[in-house]
Each structure stands twice: as structure tokens, then as C-alpha cells.
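The structure under discussion appears below in the form of C-alpha cells.
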Amino acid sequence: MDVQIRRDVEGIIDANRKALSQLDGRGILITGGAGFLGAYFLDLLSLWNETGAKKHCQIYCLDTFITGTPRRIAHLEGKGYFHKIAQSVTEPLPPGLEVDYIMHFASIASPTFYRKYPLETIDSNVAGTRNLLEYAAKRKIASIVFLSTSEIYGDPVASMIPTPEDYRGNVSCTGPRACYDESKRLGETLCMTFFRQKNVPVKIIRPFNVYGPGLRIDDKRIIPDLFHSAIFEGGIALHSDGKPTRSFCYVSDAVDAMLKVLLSKLDGEQFNVGDDSQEISMLELAKMVRSQFSDEMKLTFKASEEKDYLTDNPLRRCPDLKKIRSLLGYEPKVGLAEGLSRLKGWYERELEETGGSGR
Ligand SMILES: NC(=O)c1ccc[n+]([C@@H]2O[C@H](COP(=O)([O-])OP(=O)(O)OC[C@H]3O[C@@H](n4cnc5c(N)ncnc54)[C@H](O)[C@@H]3O)[C@@H](O)[C@H]2O)c1
């Protein structure tokens with residue numbers, strides 16, 4: 001396990017020991033386990049097994065590797081409690097699979113890739129989510145979490161920023177981002193239907209722009225894209241006018257929140273997960289990434305080669321976190337400058353270990 005990820009995960013374990021013991025001796029399925037957030041969650045569970053658990057939990061990692069990489073989970077292979085299931089979440093689950101907890105991360109999450117694979121994105125969020133909910137209902141599992149997205153709010157009206165969970169959204173159902181936004185919305189509808197009709201103990205999480213070690217440099221989301229241009233082109237390239245704003249959340253803060261939600265009894269609830277301490281423009285972000293290298297580095301505005309790059313791009317994004325703060329005592333801790341520095345360290349280690357490819 002990477003040194004920084006290990007350090008961060010140790011912090012999450014320290015803050016959640018009592019709740020984590022619920023997992024001892026149980027089975028847990030992580031869909032999308034080879035991706036950014038899923039693999040981080042696997043590292044958390046693995047370290048818990050090895051340093052805190054009274055009895056190992058059995059960890060099942062399901063992935064098609066459409067955007068995730070086998071390399072990201074290679075260090076877990078061979079551990080007796082780790083089981084890899086190489087299949088789509090839309091296919092029937094392996095017969096005899098016995099799990100009590102499910103984290104459903106599987107979905108293409110990067111806009112460039114969901115625009116390239118729109119049907120696969122819709123299928124993971126709709127057919128895949130239904131598949132897991134049917135299993136959860138039949139087996140009467142302890143808890144299941146659906147990873148939705150802040151994108152279900154679309155481009156919120158100004159009075160709804162910061163955006164609370166009860167905002168209904170301002171979303172295009174036909175644009176190039178709709179395959180993601182609308183399939184997450186229908187995924188949420190499925191979750192609430194199974195909660196109301198079949199008492200499935202499902203919770204919904206809406207993450208707001210999570211970043212940190214584990215986020216592939218060729219992922220094409222904004223932060224890796226800025227690092228990519230700084231490292232491989234020697235300059236920072238912005239594909240917008242720099243004015244849209246976002247609120248970025250460091251991965252260990254987000255995963256701490258996800259764990260708290262999974263192990264809570266707050267069934268049928270939706271939670272924003274993010275960091276509301278700094279809503280910044282893309283230009284300010286570009287300058288912060290640049291300062292990780294040199295303030296002299298060239299910063300340019302260059303149209304993306306992808307024609308739909310900016311279509312329906314939300315202008316502002318900032319979470320209202322009152323609900324998760326008051327119900328689960330969540331508090332983001334790692335500021336953006338510190339998080340970017342930890343991410344830079346991870347990119348340097350990854351590029352060195354992979355001979356510059358990052359894969
Ligand atoms: N990272 C964020 O900032 C963020 C923000 C909002 C929502 N989310 C949601 O969190 C989840 C995880 O995001 P991430 O950043 O780790 O994305 P990611 O692309 O890094 O990981 C997704 C993983 O799912 C796998 N996958 C895709 N379709 C699959 C399928 N049909 N069956 C099995 N595996 C499949 C991919 O191969 C990949 O390993 C996604 O559902 C995403 O929509 C993430």
C-alpha cells in the first residue's frame with residue numbers, strides 16, 4: 001500500500017474503531033473496487049483487518065476494469081480475505097456470494113469517459129443498482145450505500161448554493177452529461193423504492209469533487225488534468241475561461257464520511273459529502289496546482305479537443321453539509337493546498353514505479 005494512503009487510512013481507522021468492529025467476521029462487497037474511491041475503501045478495510053479486526057472481514061472486489069486498473073489492487077491479491085470478482089455489476093452476482101454490507105462505487109465517473117461510454121454508464125447506475133438492491137432485499141443485508149453524485153443537482157440556481165440535499169436540481173435530461181446525471185437520479189429513485197417497499201437498509205451519498213492519491217493522472221477530471229499538463233507538457237493548460245467554481249474534498253475526508261454512512265442506521269437518507277471550506281474558481285485552482293511546481297510555470301487557456309467538454313458544465317458547486325455534520329459528526333480536515341501536495345507526492349511515486357505511464 002502506498003505510504004501516503006496508508007497514513008491517511010490509519011487516521012480514518014483511529015477515528016472509527018468502534019464502528020469498524022461491526023464488520024468483524026462479516027462479508028463486504030465493493031463494486032468498482034479497482035477505481036479511485038473503491039480501491040481506497042479496500043485499502044481501509046484491508047488495514048483494518050490487519051491492524052484492528054478481531055476476526056477478518058471477507059472483502060469482495062467487483063470490477064470490469066473499464067476505467068479502474070488491476071495495478072491499483074495488485075497489493076491485495078493473495079490475501080486470504082480478499083476475493084476478486086471480474087465482472088460487471090449488471091450481471092448476476094456469483095451464486096453463493098454471502099455479504100452483509102455493500103458499497104456500490106461501480107460507474108464511470110470522469111465526464112470524458114462517461115461521454116465516451118454513455119450506455120455503460122447508464123447500465124451501471126440503473127441495471128447495476130437494481131441488481132444489488134434485489135440481492136440486498138433477498139439476503140436481508142445490514143447496509144448498502146449507493147454512490148450517487150453532486151451532479152444530480154445539475155447547475156443549481158444561485159440561491160441554492162451551498163446546495164442542501166432537498167434541492168431538486170436543474171438538470172438537462174438530453175445533453176451529453178445526462179447519461180451520468182439522469183442515471184444517478186434514477187439510481188436514487190430505485191434505492192428509495194427498495195427502501196420503502198422492501199425495507200432495504202440503503203443510504204445514498206452525493207460526493208462533491210473528491211481528489212487525492214489514487215486518482216489516475218490520465219483520468220481527465222480537472223485536478224489530474226492540471227497535474228498531467230504540468231508534468232508532461234511543462235505548463236498548465238485550462239480548457240475553460242477559469243470562472244466556474246468547485247469545492248474539492250480530500251479523499252480521506254470523503255472516505256471517512258462514506259464509512260460513517262455505511263455503518264450508521266440512517267436508512268433511506270441522502271447525504272452530501274464534500275468540503276465546504278473553500279469554493280474556488282478553476283483559475284485559482286490552476287494557480288494552486290502551478291504553485292506545487294513553480295509560480296513561473298506558464299498558464300494558458302486552450303480549448304479542449306473534446307467538443308462537448310463545456311456543454312452543460314455547472315457554473316458553481318458547493319455542498320451544504322449541515323445534515324452530515326449534525327447526524328454523523330463529519331468534519332473535513334485536509335485543506336486544498338495540503339491535499340494537492342499529498343497528491344503530487346503520489347504522482348511522483350507512481351510515475352517512478354511505472355516508468356512514467358502511471359498505469
Ligand atoms: N470521485 C469523485 O469525485 C466522485 C464524485 C461524485 C460521484 N462519484 C461516484 O463515486 C463512484 C466512484 O467514483 P471514482 O471516482 O472512484 O470513479 P472511477 O472511475 O475511478 O472508478 C469506478 C470504477 O468502477 C468500475 N466500473 C465501471 N463500470 C462498471 C461495471 N458496470 N461493473 C463493474 N465495475 C465497473 C471501473 O472500472 C472503475 O474501477 C462512482 O459511482 C462515481 O459516480 C465520485
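By order in the C-alpha cells, chains are A, B, ...; within a chain, residues start at 1; ligands start at 1, following the order shown.
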Considering only C-alpha atoms and all ligand atoms, tabulate each residue of chain A that lies at most 7 Å from ligand 1 along with its nearest interatomic pair and the corresponding distance in Å to one decimal; arrange the rows by chain and ascending residue number and present them as JSON lines.
```
{"residue": "A:Thr31", "atom": "CA", "partner": "ligand 1", "partner_atom_place_in_ligand_line": "34 (N)", "distance": 5.9}
{"residue": "A:Gly32", "atom": "CA", "partner": "ligand 1", "partner_atom_place_in_ligand_line": "24 (O)", "distance": 3.3}
{"residue": "A:Gly33", "atom": "CA", "partner": "ligand 1", "partner_atom_place_in_ligand_line": "39 (O)", "distance": 5.7}
{"residue": "A:Ala34", "atom": "CA", "partner": "ligand 1", "partner_atom_place_in_ligand_line": "39 (O)", "distance": 4.0}
{"residue": "A:Gly35", "atom": "CA", "partner": "ligand 1", "partner_atom_place_in_ligand_line": "39 (O)", "distance": 3.3}
{"residue": "A:Phe36", "atom": "CA", "partner": "ligand 1", "partner_atom_place_in_ligand_line": "16 (O)", "distance": 3.6}
{"residue": "A:Leu37", "atom": "CA", "partner": "ligand 1", "partner_atom_place_in_ligand_line": "16 (O)", "distance": 3.7}
{"residue": "A:Gly38", "atom": "CA", "partner": "ligand 1", "partner_atom_place_in_ligand_line": "16 (O)", "distance": 5.5}
{"residue": "A:Leu62", "atom": "CA", "partner": "ligand 1", "partner_atom_place_in_ligand_line": "33 (C)", "distance": 5.8}
{"residue": "A:Asp63", "atom": "CA", "partner": "ligand 1", "partner_atom_place_in_ligand_line": "34 (N)", "distance": 3.6}
{"residue": "A:Thr64", "atom": "CA", "partner": "ligand 1", "partner_atom_place_in_ligand_line": "34 (N)", "distance": 4.4}
{"residue": "A:Phe65", "atom": "CA", "partner": "ligand 1", "partner_atom_place_in_ligand_line": "37 (O)", "distance": 3.5}
{"residue": "A:Ile66", "atom": "CA", "partner": "ligand 1", "partner_atom_place_in_ligand_line": "37 (O)", "distance": 3.9}
{"residue": "A:Thr67", "atom": "CA", "partner": "ligand 1", "partner_atom_place_in_ligand_line": "37 (O)", "distance": 4.0}
{"residue": "A:Gly68", "atom": "CA", "partner": "ligand 1", "partner_atom_place_in_ligand_line": "39 (O)", "distance": 3.1}
{"residue": "A:Thr69", "atom": "CA", "partner": "ligand 1", "partner_atom_place_in_ligand_line": "39 (O)", "distance": 6.5}
{"residue": "A:Gln87", "atom": "CA", "partner": "ligand 1", "partner_atom_place_in_ligand_line": "33 (C)", "distance": 6.0}
{"residue": "A:Ser88", "atom": "CA", "partner": "ligand 1", "partner_atom_place_in_ligand_line": "32 (N)", "distance": 3.4}
{"residue": "A:Val89", "atom": "CA", "partner": "ligand 1", "partner_atom_place_in_ligand_line": "32 (N)", "distance": 4.0}
{"residue": "A:Thr90", "atom": "CA", "partner": "ligand 1", "partner_atom_place_in_ligand_line": "31 (N)", "distance": 5.8}
{"residue": "A:His104", "atom": "CA", "partner": "ligand 1", "partner_atom_place_in_ligand_line": "41 (O)", "distance": 6.9}
{"residue": "A:Phe105", "atom": "CA", "partner": "ligand 1", "partner_atom_place_in_ligand_line": "11 (C)", "distance": 4.0}
{"residue": "A:Ala106", "atom": "CA", "partner": "ligand 1", "partner_atom_place_in_ligand_line": "24 (O)", "distance": 3.6}
{"residue": "A:Ser107", "atom": "CA", "partner": "ligand 1", "partner_atom_place_in_ligand_line": "27 (C)", "distance": 4.0}
{"residue": "A:Ile108", "atom": "CA", "partner": "ligand 1", "partner_atom_place_in_ligand_line": "19 (O)", "distance": 4.7}
{"residue": "A:Ala109", "atom": "CA", "partner": "ligand 1", "partner_atom_place_in_ligand_line": "43 (O)", "distance": 4.3}
{"residue": "A:Ser110", "atom": "CA", "partner": "ligand 1", "partner_atom_place_in_ligand_line": "19 (O)", "distance": 6.1}
{"residue": "A:Glu120", "atom": "CA", "partner": "ligand 1", "partner_atom_place_in_ligand_line": "31 (N)", "distance": 6.4}
{"residue": "A:Thr121", "atom": "CA", "partner": "ligand 1", "partner_atom_place_in_ligand_line": "28 (N)", "distance": 6.5}
{"residue": "A:Asp123", "atom": "CA", "partner": "ligand 1", "partner_atom_place_in_ligand_line": "31 (N)", "distance": 6.7}
{"residue": "A:Ser124", "atom": "CA", "partner": "ligand 1", "partner_atom_place_in_ligand_line": "31 (N)", "distance": 4.4}
{"residue": "A:Gly128", "atom": "CA", "partner": "ligand 1", "partner_atom_place_in_ligand_line": "31 (N)", "distance": 6.6}
{"residue": "A:Leu147", "atom": "CA", "partner": "ligand 1", "partner_atom_place_in_ligand_line": "41 (O)", "distance": 4.9}
{"residue": "A:Ser148", "atom": "CA", "partner": "ligand 1", "partner_atom_place_in_ligand_line": "7 (C)", "distance": 5.5}
{"residue": "A:Thr149", "atom": "CA", "partner": "ligand 1", "partner_atom_place_in_ligand_line": "7 (C)", "distance": 3.9}
{"residue": "A:Ser150", "atom": "CA", "partner": "ligand 1", "partner_atom_place_in_ligand_line": "6 (C)", "distance": 5.9}
{"residue": "A:Arg206", "atom": "CA", "partner": "ligand 1", "partner_atom_place_in_ligand_line": "6 (C)", "distance": 6.1}
{"residue": "A:Pro207", "atom": "CA", "partner": "ligand 1", "partner_atom_place_in_ligand_line": "6 (C)", "distance": 4.3}
{"residue": "A:Phe208", "atom": "CA", "partner": "ligand 1", "partner_atom_place_in_ligand_line": "5 (C)", "distance": 5.2}
{"residue": "A:Asn209", "atom": "CA", "partner": "ligand 1", "partner_atom_place_in_ligand_line": "3 (O)", "distance": 3.7}
{"residue": "A:Val210", "atom": "CA", "partner": "ligand 1", "partner_atom_place_in_ligand_line": "3 (O)", "distance": 3.5}
{"residue": "A:Tyr211", "atom": "CA", "partner": "ligand 1", "partner_atom_place_in_ligand_line": "3 (O)", "distance": 6.2}
{"residue": "A:Leu215", "atom": "CA", "partner": "ligand 1", "partner_atom_place_in_ligand_line": "20 (O)", "distance": 6.6}
```
Selected residues written out, N, CA and C atoms, as a short mmCIF file (atom, residue, chain, number, x, y, z; two decimals), in the first residue's frame:
```cif
data_model
loop_
_atom_site.label_atom_id
_atom_site.label_comp_id
_atom_site.auth_asym_id
_atom_site.auth_seq_id
_atom_site.Cartn_x
_atom_site.Cartn_y
_atom_site.Cartn_z
N THR A 31 -18.21 -2.69 -5.13
CA THR A 31 -18.26 -2.66 -6.59
C THR A 31 -17.45 -1.46 -7.07
N GLY A 32 -16.79 -1.61 -8.22
CA GLY A 32 -15.90 -0.54 -8.69
C GLY A 32 -14.65 -0.46 -7.83
N GLY A 33 -14.24 -1.61 -7.29
CA GLY A 33 -13.14 -1.65 -6.32
C GLY A 33 -11.76 -1.35 -6.90
N ALA A 34 -11.64 -1.36 -8.24
CA ALA A 34 -10.32 -1.03 -8.81
C ALA A 34 -10.23 0.45 -9.18
N GLY A 35 -11.29 1.21 -8.88
CA GLY A 35 -11.29 2.64 -9.21
C GLY A 35 -10.75 3.48 -8.05
N PHE A 36 -10.82 4.78 -8.21
CA PHE A 36 -10.24 5.72 -7.25
C PHE A 36 -10.81 5.52 -5.84
N LEU A 37 -12.11 5.69 -5.68
CA LEU A 37 -12.69 5.62 -4.33
C LEU A 37 -12.82 4.19 -3.83
N GLY A 38 -13.22 3.27 -4.73
CA GLY A 38 -13.41 1.87 -4.32
C GLY A 38 -12.11 1.28 -3.81
N LEU A 62 -15.51 -6.18 -6.88
CA LEU A 62 -16.09 -6.47 -8.20
C LEU A 62 -15.78 -5.33 -9.16
N ASP A 63 -15.23 -5.65 -10.32
CA ASP A 63 -14.88 -4.58 -11.27
C ASP A 63 -14.72 -5.16 -12.67
N THR A 64 -15.02 -4.32 -13.68
CA THR A 64 -14.77 -4.71 -15.08
C THR A 64 -13.45 -4.14 -15.58
N PHE A 65 -12.86 -3.23 -14.81
CA PHE A 65 -11.62 -2.54 -15.19
C PHE A 65 -11.82 -1.64 -16.42
N ILE A 66 -13.03 -1.15 -16.60
CA ILE A 66 -13.24 -0.26 -17.76
C ILE A 66 -12.48 1.06 -17.54
N THR A 67 -12.46 1.57 -16.32
CA THR A 67 -11.60 2.73 -16.01
C THR A 67 -10.63 2.42 -14.87
N GLY A 68 -10.94 1.43 -14.05
CA GLY A 68 -10.02 1.07 -12.95
C GLY A 68 -8.87 0.21 -13.48
N THR A 69 -7.82 0.09 -12.68
CA THR A 69 -6.65 -0.68 -13.15
C THR A 69 -6.35 -1.84 -12.19
N GLN A 87 -16.22 -8.98 -13.18
CA GLN A 87 -17.47 -8.98 -13.96
C GLN A 87 -18.16 -7.63 -13.80
N SER A 88 -19.20 -7.42 -14.59
CA SER A 88 -19.96 -6.18 -14.47
C SER A 88 -20.98 -6.30 -13.35
N VAL A 89 -21.27 -5.17 -12.73
CA VAL A 89 -22.30 -5.14 -11.68
C VAL A 89 -23.69 -5.38 -12.26
N THR A 90 -23.78 -5.28 -13.57
CA THR A 90 -25.09 -5.52 -14.21
C THR A 90 -25.37 -7.01 -14.38
N HIS A 104 -21.56 0.54 -3.32
CA HIS A 104 -21.73 0.47 -4.78
C HIS A 104 -21.07 1.69 -5.45
N PHE A 105 -19.76 1.52 -5.75
CA PHE A 105 -19.00 2.59 -6.40
C PHE A 105 -19.04 2.45 -7.93
N ALA A 106 -19.34 1.24 -8.45
CA ALA A 106 -19.13 0.99 -9.88
C ALA A 106 -19.96 1.92 -10.76
N SER A 107 -19.27 2.75 -11.51
CA SER A 107 -19.87 3.62 -12.51
C SER A 107 -18.73 4.39 -13.12
N ILE A 108 -18.82 4.72 -14.37
CA ILE A 108 -17.79 5.60 -14.92
C ILE A 108 -18.05 6.99 -14.34
N ALA A 109 -17.01 7.66 -13.83
CA ALA A 109 -17.22 8.90 -13.10
C ALA A 109 -16.60 10.13 -13.78
N SER A 110 -15.63 9.91 -14.64
CA SER A 110 -14.97 11.04 -15.30
C SER A 110 -15.81 11.48 -16.50
N GLU A 120 -22.87 2.29 -21.07
CA GLU A 120 -22.27 1.53 -19.95
C GLU A 120 -22.49 2.30 -18.64
N THR A 121 -22.42 3.63 -18.71
CA THR A 121 -22.63 4.46 -17.51
C THR A 121 -24.07 4.31 -17.02
N ASP A 123 -26.11 1.85 -17.63
CA ASP A 123 -26.34 0.47 -17.16
C ASP A 123 -25.82 0.26 -15.74
N SER A 124 -24.63 0.77 -15.43
CA SER A 124 -24.09 0.56 -14.07
C SER A 124 -24.99 1.21 -13.02
N GLY A 128 -27.31 -2.02 -12.78
CA GLY A 128 -26.38 -2.48 -11.74
C GLY A 128 -26.93 -2.20 -10.34
N LEU A 147 -23.39 5.14 -4.34
CA LEU A 147 -22.64 6.36 -4.62
C LEU A 147 -23.33 7.10 -5.75
N SER A 148 -24.08 8.13 -5.38
CA SER A 148 -24.69 9.00 -6.38
C SER A 148 -23.69 10.11 -6.67
N THR A 149 -24.13 11.33 -6.87
CA THR A 149 -23.20 12.41 -7.23
C THR A 149 -23.83 13.77 -6.99
N SER A 150 -23.00 14.78 -6.79
CA SER A 150 -23.50 16.16 -6.72
C SER A 150 -24.07 16.59 -8.07
N ARG A 206 -23.87 11.67 -2.01
CA ARG A 206 -23.63 12.54 -3.17
C ARG A 206 -22.29 13.26 -2.98
N PRO A 207 -21.20 12.67 -3.51
CA PRO A 207 -19.89 13.31 -3.33
C PRO A 207 -19.74 14.54 -4.22
N PHE A 208 -19.00 15.53 -3.68
CA PHE A 208 -18.67 16.76 -4.41
C PHE A 208 -17.16 16.77 -4.69
N ASN A 209 -16.77 16.46 -5.90
CA ASN A 209 -15.37 16.61 -6.37
C ASN A 209 -14.31 16.13 -5.38
N VAL A 210 -14.18 14.83 -5.29
CA VAL A 210 -13.16 14.23 -4.41
C VAL A 210 -11.87 14.06 -5.21
N TYR A 211 -10.74 14.27 -4.56
CA TYR A 211 -9.43 14.14 -5.23
C TYR A 211 -8.44 13.61 -4.20
N LEU A 215 -6.12 8.85 -7.58
CA LEU A 215 -6.85 9.38 -8.73
C LEU A 215 -5.89 9.43 -9.92
#
```
- Message: Need the shell around Lys79 of chain A: protein/DNA/RNA residues with any atom at most 12 Å away, counting only C-alpha atoms. Skip same-chain ones fewer than 5 positions apart. Format as a ChimeraX atom specification?
- Response: /A:46-47,49-50,56-60,73-74,84
- Find, counting only C-alpha atoms, the residue in A:Ala53, A:Cys61, A:Leu299, A:Ile152 that gets nearest to Ala86 of chain A. A:Cys61
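Nearest to Ala136 of chain A of all the residues A:Gly358, A:Pro201, A:Gly234, A:Gly274 is A:Pro201, based on only C-alpha atoms.
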- Would you please extract all helix (DSSP H, G or I) residues from segment 10-151 of chain A, as assigned by DSSP on the backbone, and give them as a PyMOL selection string? chain A and resi 10-15+17-23+36-51+70-76+111-116+118-139+150-151
Produce a file of the selected residues containing C-alpha atoms, as a JSON list (two decimals), in the first residue's frame.
```json
[["chain", "number", "residue", "atom", "x", "y", "z"],
["A", 10, "GLU", "CA", -4.69, 4.95, 9.63],
["A", 11, "GLY", "CA", -6.33, 8.29, 10.54],
["A", 12, "ILE", "CA", -9.74, 7.04, 9.37],
["A", 13, "ILE", "CA", -9.33, 3.82, 11.38],
["A", 14, "ASP", "CA", -8.36, 5.73, 14.53],
["A", 15, "ALA", "CA", -11.46, 7.89, 14.24],
["A", 17, "ARG", "CA", -12.58, 1.94, 15.60],
["A", 18, "LYS", "CA", -15.79, 1.16, 17.42],
["A", 19, "ALA", "CA", -17.98, 1.41, 14.32],
["A", 20, "LEU", "CA", -15.50, -0.62, 12.24],
["A", 21, "SER", "CA", -15.77, -3.56, 14.61],
["A", 22, "GLN", "CA", -19.29, -4.14, 13.19],
["A", 23, "LEU", "CA", -17.52, -5.54, 10.12],
["A", 36, "PHE", "CA", -10.24, 5.72, -7.25],
["A", 37, "LEU", "CA", -12.69, 5.62, -4.33],
["A", 38, "GLY", "CA", -13.41, 1.87, -4.32],
["A", 39, "ALA", "CA", -9.72, 0.95, -4.10],
["A", 40, "TYR", "CA", -9.17, 3.46, -1.30],
["A", 41, "PHE", "CA", -12.06, 1.83, 0.58],
["A", 42, "LEU", "CA", -10.43, -1.58, 0.01],
["A", 43, "ASP", "CA", -7.18, -0.27, 1.48],
["A", 44, "LEU", "CA", -9.11, 0.92, 4.52],
["A", 45, "LEU", "CA", -10.78, -2.48, 5.01],
["A", 46, "SER", "CA", -7.53, -4.36, 4.45],
["A", 47, "LEU", "CA", -5.63, -2.27, 7.00],
["A", 48, "TRP", "CA", -8.47, -2.67, 9.48],
["A", 49, "ASN", "CA", -8.29, -6.45, 9.01],
["A", 50, "GLU", "CA", -4.55, -6.42, 9.61],
["A", 51, "THR", "CA", -4.31, -3.97, 12.49],
["A", 70, "PRO", "CA", -5.54, -4.14, -11.90],
["A", 71, "ARG", "CA", -2.35, -2.41, -10.69],
["A", 72, "ARG", "CA", -4.29, -0.35, -8.13],
["A", 73, "ILE", "CA", -5.38, -3.51, -6.25],
["A", 74, "ALA", "CA", -2.39, -5.76, -7.03],
["A", 75, "HIS", "CA", -1.03, -5.46, -3.46],
["A", 76, "LEU", "CA", -4.22, -7.08, -2.11],
["A", 111, "PRO", "CA", -17.00, 13.24, -17.71],
["A", 112, "THR", "CA", -14.66, 12.49, -20.63],
["A", 113, "PHE", "CA", -15.17, 8.74, -20.16],
["A", 114, "TYR", "CA", -18.89, 8.77, -19.42],
["A", 115, "ARG", "CA", -19.42, 10.79, -22.59],
["A", 116, "LYS", "CA", -17.41, 8.11, -24.40],
["A", 118, "PRO", "CA", -22.81, 6.64, -22.09],
["A", 119, "LEU", "CA", -24.71, 3.33, -22.27],
["A", 120, "GLU", "CA", -22.27, 1.53, -19.95],
["A", 121, "THR", "CA", -22.63, 4.46, -17.51],
["A", 122, "ILE", "CA", -26.43, 4.27, -17.59],
["A", 123, "ASP", "CA", -26.34, 0.47, -17.16],
["A", 124, "SER", "CA", -24.09, 0.56, -14.07],
["A", 125, "ASN", "CA", -26.24, 3.15, -12.33],
["A", 126, "VAL", "CA", -29.63, 1.72, -13.23],
["A", 127, "ALA", "CA", -29.42, -2.04, -14.03],
["A", 128, "GLY", "CA", -26.38, -2.48, -11.74],
["A", 129, "THR", "CA", -28.01, -0.66, -8.83],
["A", 130, "ARG", "CA", -31.22, -2.66, -9.24],
["A", 131, "ASN", "CA", -29.23, -5.91, -9.34],
["A", 132, "LEU", "CA", -27.60, -5.07, -5.99],
["A", 133, "LEU", "CA", -30.86, -3.90, -4.42],
["A", 134, "GLU", "CA", -32.61, -7.16, -5.40],
["A", 135, "TYR", "CA", -29.74, -9.10, -3.77],
["A", 136, "ALA", "CA", -29.88, -6.88, -0.67],
["A", 137, "ALA", "CA", -33.64, -7.41, -0.32],
["A", 138, "LYS", "CA", -33.40, -11.18, -0.69],
["A", 139, "ARG", "CA", -30.48, -11.62, 1.68],
["A", 150, "SER", "CA", -23.50, 16.16, -6.72],
["A", 151, "GLU", "CA", -24.23, 16.19, -10.47]]
```
- Which residues, written as a ChimeraX atom specification, have at least one atom at most 8 Å from Gln292 of chain A, with only C-alpha atoms counted and residues fewer than 2 positions away on the same chain left out? /A:288-290,294,340-341,344
Using only C-alpha atoms, what table do you get, as JSON lines, when you list each residue of segment 247-344 of chain A with an atom no more than 12 Å from segment 169-176 of chain A, its nearest pair of atoms, and their distance in Å rounded to one decimal, rows by chain then rising number?
```
{"residue": "A:Glu306", "atom": "CA", "partner": "A:Pro176", "partner_atom": "CA", "distance": 11.6}
{"residue": "A:Lys307", "atom": "CA", "partner": "A:Pro176", "partner_atom": "CA", "distance": 10.3}
{"residue": "A:Asp308", "atom": "CA", "partner": "A:Pro176", "partner_atom": "CA", "distance": 7.0}
{"residue": "A:Tyr309", "atom": "CA", "partner": "A:Pro176", "partner_atom": "CA", "distance": 9.2}
{"residue": "A:Leu310", "atom": "CA", "partner": "A:Pro176", "partner_atom": "CA", "distance": 9.9}
{"residue": "A:Thr311", "atom": "CA", "partner": "A:Pro176", "partner_atom": "CA", "distance": 7.2}
{"residue": "A:Asp312", "atom": "CA", "partner": "A:Gly175", "partner_atom": "CA", "distance": 7.1}
{"residue": "A:Asn313", "atom": "CA", "partner": "A:Pro176", "partner_atom": "CA", "distance": 10.1}
{"residue": "A:Pro314", "atom": "CA", "partner": "A:Val171", "partner_atom": "CA", "distance": 9.5}
{"residue": "A:Leu315", "atom": "CA", "partner": "A:Asn170", "partner_atom": "CA", "distance": 11.8}
```
- Task: Using backbone DSSP assignments, extract all strand (DSSP E or B) residues from segment 270-336 of chain A; output them as a ChimeraX atom specification.
- Result: /A:270-273,279-281,299-301,319
- Looking at A:Thr189, A:Ser183, A:Ser159, A:Ser304, which one is nearest to Gln270 of chain A, with distances taken over only C-alpha atoms? A:Thr189
- Task: Please indicate the distance in Å from atom CA of Gly27 of chain A to atom CA of Asp100 of chain A, rounded to one decimal place.
- Result: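 Between atom CA of Gly27 of chain A and atom CA of Asp100 of chain A the gap works out to 5.4 Å.
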- If you measure from atom CA of Glu165 of chain A to atom CA of Val261 of chain A, what distance in Å do you get, rounded to one decimal? 14.7 Å
- Item | Å distance separating atom CA of Leu97 of chain A from atom CA of Asp267 of chain A, one decimal place | 23.0 Å
Rows by chain and residue number, segment 204-313 of chain A within 12 Å of segment 349-356 of chain A, shortest pair, only C-alpha atoms, as a tab-separated table:
```
residue	atom	partner	partner_atom	distance
A:Pro213	CA	A:Glu350	CA	9.7
A:Gly214	CA	A:Glu350	CA	9.3
A:Leu215	CA	A:Glu350	CA	10.8
A:Arg216	CA	A:Glu350	CA	9.4
A:Ile217	CA	A:Leu351	CA	9.3
A:Asp218	CA	A:Leu351	CA	11.6
A:His228	CA	A:Leu351	CA	11.2
A:Ile231	CA	A:Leu351	CA	10.1
A:Phe232	CA	A:Gly356	CA	9.5
```
I need the residues from that last selection saved to file as a compact mmCIF listing (two decimals), in the first residue's frame (with C-alpha atoms), if you can.
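Saved as again-v9.txt:
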```
# COMPACT_ATOMS: atom_id res chain seq x y z
CA PRO A 213 -3.79 9.82 -4.01
CA GLY A 214 -5.26 7.04 -6.17
CA LEU A 215 -6.85 9.38 -8.73
CA ARG A 216 -5.18 8.36 -12.00
CA ILE A 217 -3.18 11.06 -13.77
CA ASP A 218 -4.89 10.19 -17.08
CA HIS A 228 -0.93 15.97 -16.32
CA ILE A 231 4.17 17.10 -15.57
CA PHE A 232 4.02 16.04 -19.23
```
- Counting only C-alpha atoms, the option among A:Ala257, A:Glu269, A:Pro224, A:Ser281 closest to Pro244 of chain A: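 Ranked by minimum distance to Pro244 of chain A, first place goes to A:Ser281.
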